[in-house]
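Structure file query.cif (mmCIF, C-alpha atoms) follows.
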data_entry
#
loop_
_atom_site.label_atom_id
_atom_site.label_comp_id
_atom_site.auth_asym_id
_atom_site.auth_seq_id
_atom_site.Cartn_x
_atom_site.Cartn_y
_atom_site.Cartn_z
CA LEU A 1 56.97 103.73 -32.01
CA VAL A 2 55.01 101.36 -34.24
CA HIS A 3 51.28 100.85 -33.90
CA LEU A 4 49.32 98.01 -35.53
CA MET A 5 45.55 98.23 -35.91
CA GLN A 6 43.70 95.17 -37.19
CA SER A 7 40.39 94.88 -39.00
CA GLY A 8 38.51 92.14 -40.80
CA GLY A 9 37.87 88.60 -39.70
CA GLY A 10 34.53 87.20 -38.57
CA SER A 11 32.61 84.00 -39.21
CA VAL A 12 32.41 81.96 -42.38
CA GLN A 13 31.47 78.47 -43.45
CA SER A 14 34.05 75.89 -44.42
CA GLY A 15 35.42 76.61 -47.88
CA GLY A 16 34.75 80.32 -47.60
CA SER A 17 37.11 83.27 -47.65
CA LEU A 18 38.04 86.11 -45.34
CA ARG A 19 40.55 88.94 -45.48
CA LEU A 20 42.42 90.41 -42.56
CA SER A 21 43.97 93.87 -42.61
CA CYS A 22 46.56 95.43 -40.35
CA ALA A 23 47.24 99.16 -40.62
CA VAL A 24 50.84 99.97 -39.73
CA SER A 25 51.66 103.40 -38.36
CA GLY A 26 55.10 104.68 -37.37
CA SER A 27 58.40 103.98 -39.06
CA ILE A 28 60.17 100.65 -39.24
CA ASP A 29 63.78 100.48 -40.37
CA SER A 30 64.75 97.72 -42.75
CA PRO A 31 65.27 94.86 -42.47
CA TYR A 32 62.00 93.89 -40.85
CA SER A 33 59.28 91.28 -41.02
CA LEU A 34 55.55 91.65 -40.75
CA ALA A 35 53.63 88.52 -39.94
CA TRP A 36 50.35 86.95 -38.99
CA PHE A 37 50.12 84.63 -36.02
CA ARG A 38 47.12 82.75 -34.67
CA GLN A 39 46.17 81.18 -31.40
CA GLY A 40 43.35 78.73 -30.92
CA PRO A 41 41.77 77.83 -27.57
CA GLY A 42 44.25 75.91 -25.45
CA LYS A 43 46.92 76.13 -28.13
CA GLU A 44 50.21 77.96 -28.45
CA ARG A 45 50.52 80.94 -30.75
CA GLU A 46 51.72 79.79 -34.17
CA GLY A 47 53.11 81.61 -37.16
CA VAL A 48 50.86 81.63 -40.21
CA ALA A 49 52.53 83.86 -42.79
CA ALA A 50 55.30 86.44 -42.96
CA ILE A 51 56.62 89.03 -45.39
CA ASP A 52 59.86 90.96 -45.02
CA SER A 53 61.16 94.30 -46.23
CA ASP A 54 62.59 92.64 -49.36
CA GLY A 55 59.19 91.19 -50.23
CA ASN A 56 60.10 87.61 -49.39
CA THR A 57 57.23 85.56 -48.02
CA ASN A 58 56.95 82.47 -45.87
CA TYR A 59 53.93 80.35 -45.00
CA ALA A 60 53.12 77.65 -42.52
CA ASP A 61 52.63 74.30 -44.24
CA SER A 62 49.05 74.17 -43.01
CA VAL A 63 48.06 77.27 -45.00
CA LYS A 64 50.23 77.04 -48.12
CA GLY A 65 48.18 77.42 -51.26
CA ARG A 66 45.19 78.78 -49.33
CA PHE A 67 46.46 81.96 -47.64
CA HIS A 68 48.24 84.89 -49.26
CA ILE A 69 50.13 87.62 -47.40
CA SER A 70 50.81 90.98 -48.98
CA LEU A 71 51.84 94.51 -48.07
CA ASP A 72 50.11 97.51 -49.58
CA ASN A 73 52.94 100.01 -49.31
CA ALA A 74 50.80 102.92 -50.49
CA LYS A 75 48.40 102.37 -47.61
CA ASN A 76 50.91 100.95 -45.11
CA THR A 77 48.60 98.00 -44.67
CA LEU A 78 49.42 94.35 -44.18
CA LEU A 79 46.87 91.97 -45.68
CA LEU A 80 46.08 88.29 -45.27
CA GLN A 81 43.75 86.78 -47.84
CA MET A 82 42.41 83.48 -46.54
CA ASP A 83 40.68 81.15 -48.99
CA SER A 84 39.36 77.59 -48.71
CA LEU A 85 39.03 78.07 -44.98
CA LYS A 86 38.74 75.04 -42.74
CA PRO A 87 37.33 74.68 -39.21
CA GLU A 88 40.87 74.15 -37.93
CA ASP A 89 41.73 77.67 -39.10
CA SER A 90 39.47 79.04 -36.38
CA ALA A 91 41.55 81.11 -33.98
CA MET A 92 42.39 84.59 -32.80
CA TYR A 93 44.63 86.13 -35.43
CA TYR A 94 47.31 88.70 -34.65
CA CYS A 95 49.51 90.82 -36.89
CA ALA A 96 52.99 91.58 -35.65
CA ALA A 97 56.19 93.40 -36.59
CA ALA A 98 59.81 92.45 -35.90
CA LEU A 99 63.00 94.34 -36.61
CA LYS A 100 66.14 92.78 -38.09
CA LEU A 101 64.32 89.60 -39.04
CA TRP A 102 63.81 87.97 -42.43
CA ALA A 103 60.65 86.15 -43.44
CA ASP A 104 62.44 82.80 -43.78
CA TYR A 105 62.95 82.71 -40.01
CA ALA A 106 60.01 84.78 -38.81
CA LEU A 107 57.37 82.13 -38.22
CA ASP A 108 59.50 80.31 -35.64
CA MET A 109 60.66 83.47 -33.86
CA VAL A 110 57.52 84.71 -32.14
CA ASP A 111 59.54 86.16 -29.26
CA ASP A 112 61.38 88.47 -31.68
CA PHE A 113 58.17 90.27 -32.59
CA THR A 114 58.02 93.50 -30.66
CA TYR A 115 54.84 95.07 -31.94
CA TRP A 116 51.43 93.39 -31.99
CA GLY A 117 47.95 94.14 -33.18
CA GLN A 118 44.96 93.77 -30.92
CA GLY A 119 43.79 90.48 -32.43
CA THR A 120 40.74 89.55 -34.42
CA GLN A 121 38.63 86.40 -34.23
CA VAL A 122 38.21 84.07 -37.20
CA THR A 123 35.61 81.34 -36.87
CA VAL A 124 35.07 78.71 -39.55
CA SER A 125 32.07 76.44 -39.20
CA SER A 126 31.74 73.04 -40.83
#

Let's see the structure in the file written out as structure tokens.
Amino acid sequence: LVHLMQSGGGSVQSGGSLRLSCAVSGSIDSPYSLAWFRQGPGKEREGVAAIDSDGNTNYADSVKGRFHISLDNAKNTLLLQMDSLKPEDSAMYYCAAALKLWADYALDMVDDFTYWGQGTQVTVSS
């Protein structure tokens, strides 16, 4: 059984930065992907960034160059560094884990993600 516990997030002005963390407990057999998704009010959940067990990463076009996903293996923690934040980045953010899935495909395969964090709100004001 895999458990994901999120922390971080909050409110920031446009252009600011925030970091999200997701502590991963339990064992996950490779290959796997860990990812961040977000869901704004009245919108569908969308993939933001993913990293797989080989260290490959994938980003949504809307966040490329501004967000950075990483995995701290020593601490079993998934991180999302978000810089140059924009009001349209405001959403509930979720970390998630999927088995037998590579990062290249992860952002479009939300239904393949079995394990989810509890969500954390990110609000960016203009």

Translate the PyMOL selection byres ((chain A and resi 97) around 8) into a concrete residue list for this structure, as a PDB file with C-alpha atoms, keeping the file's coordinate frame.
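expr22.pdb, freshly written:
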ATOM      1  CA  TYR A  32      62.000  93.890 -40.850  1.00  0.00           C
ATOM      2  CA  SER A  33      59.280  91.280 -41.020  1.00  0.00           C
ATOM      3  CA  LEU A  34      55.550  91.650 -40.750  1.00  0.00           C
ATOM      4  CA  ALA A  35      53.630  88.520 -39.940  1.00  0.00           C
ATOM      5  CA  CYS A  95      49.510  90.820 -36.890  1.00  0.00           C
ATOM      6  CA  ALA A  96      52.990  91.580 -35.650  1.00  0.00           C
ATOM      7  CA  ALA A  98      59.810  92.450 -35.900  1.00  0.00           C
ATOM      8  CA  LEU A  99      63.000  94.340 -36.610  1.00  0.00           C
ATOM      9  CA  PHE A 113      58.170  90.270 -32.590  1.00  0.00           C
ATOM     10  CA  THR A 114      58.020  93.500 -30.660  1.00  0.00           C
ATOM     11  CA  TYR A 115      54.840  95.070 -31.940  1.00  0.00           C
ATOM     12  CA  TRP A 116      51.430  93.390 -31.990  1.00  0.00           C
TER      13      TRP A 116
END

Closest of A:Lys100, A:Arg38, A:Lys43, A:Arg19 to Ser84 (chain A) - atom-to-atom distances counting only C-alpha atoms: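 The closest residue to Ser84 (chain A) is A:Arg19.
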
Which of A:Ala23, A:Ala91, A:Met109, A:Ala103 sits closest to Leu78 (chain A) [using all atoms listed in the file]: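 Of A:Ala23, A:Ala91, A:Met109, A:Ala103, the one nearest Leu78 (chain A) is A:Ala23, counting all atoms listed in the file.
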
Separation of CA of Ser125 (chain A) from CA of Val48 (chain A) in Å: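 Distance reported for this atom pair: 19.5 Å.
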
Interatomic distance (Å, one decimal) between CA of Asp61 (chain A) and CA of Gln121 (chain A): 21.0 Å

Straight-line distance linking CA of Val2 (chain A) with CA of Phe37 (chain A), stated in Å to one decimal: 17.5 Å

Contacts of Ser21 (chain A) within 7 Å, only C-alpha atoms, excl. fewer than 3 positions in-chain, as a list in words: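 In the requested form, the answer reads Gln6, Ser7, Gly8, Thr77, Leu78, Leu79 and Leu80 of chain A.
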
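Between Asp29 (chain A) and the candidates A:Ser11, A:Ser53, A:Ser17, A:Ser90, the tightest atom-to-atom separation, counting all atoms listed in the file, involves A:Ser53.
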
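Residues selected in this file by the PyMOL selection byres ((chain A and resi 51) around 9) comprise Tyr32, Ser33, Leu34, Ala35, Ala49, Ala50, Asp52, Ser53, Asp54, Gly55, Asn56, Thr57, Asn58, Ile69, Ser70, Leu71, Trp102, Ala103, Asp104 and Ala106 of chain A.
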
Export, as a PDB file, keeping the file's coordinate frame, the selected residues with C-alpha atoms.
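In the end it all went to part_4.pdb:
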ATOM      1  CA  TYR A  32      62.000  93.890 -40.850  1.00  0.00           C
ATOM      2  CA  SER A  33      59.280  91.280 -41.020  1.00  0.00           C
ATOM      3  CA  LEU A  34      55.550  91.650 -40.750  1.00  0.00           C
ATOM      4  CA  ALA A  35      53.630  88.520 -39.940  1.00  0.00           C
ATOM      5  CA  ALA A  49      52.530  83.860 -42.790  1.00  0.00           C
ATOM      6  CA  ALA A  50      55.300  86.440 -42.960  1.00  0.00           C
ATOM      7  CA  ASP A  52      59.860  90.960 -45.020  1.00  0.00           C
ATOM      8  CA  SER A  53      61.160  94.300 -46.230  1.00  0.00           C
ATOM      9  CA  ASP A  54      62.590  92.640 -49.360  1.00  0.00           C
ATOM     10  CA  GLY A  55      59.190  91.190 -50.230  1.00  0.00           C
ATOM     11  CA  ASN A  56      60.100  87.610 -49.390  1.00  0.00           C
ATOM     12  CA  THR A  57      57.230  85.560 -48.020  1.00  0.00           C
ATOM     13  CA  ASN A  58      56.950  82.470 -45.870  1.00  0.00           C
ATOM     14  CA  ILE A  69      50.130  87.620 -47.400  1.00  0.00           C
ATOM     15  CA  SER A  70      50.810  90.980 -48.980  1.00  0.00           C
ATOM     16  CA  LEU A  71      51.840  94.510 -48.070  1.00  0.00           C
ATOM     17  CA  TRP A 102      63.810  87.970 -42.430  1.00  0.00           C
ATOM     18  CA  ALA A 103      60.650  86.150 -43.440  1.00  0.00           C
ATOM     19  CA  ASP A 104      62.440  82.800 -43.780  1.00  0.00           C
ATOM     20  CA  ALA A 106      60.010  84.780 -38.810  1.00  0.00           C
TER      21      ALA A 106
END

Asp89 (chain A) environment, 12 Å, only C-alpha atoms, sequence neighbours closer than 3 positions dropped, as a ChimeraX atom specification: /A:9-18,37-41,46,48,60,62-63,66-67,82-86,92-93,121-126

Output of the PyMOL selection byres ((chain A and resi 3) around 6), listed as a list of chain:residue names: A:Val2, A:Leu4, A:Val24, A:Ser25

Residue with smallest distance to Asp72 (chain A) - pool A:Cys22, A:Leu1, A:Gly117, A:Tyr94, counting only C-alpha atoms: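 Counting only C-alpha atoms, the residue closest to Asp72 (chain A) is A:Cys22.
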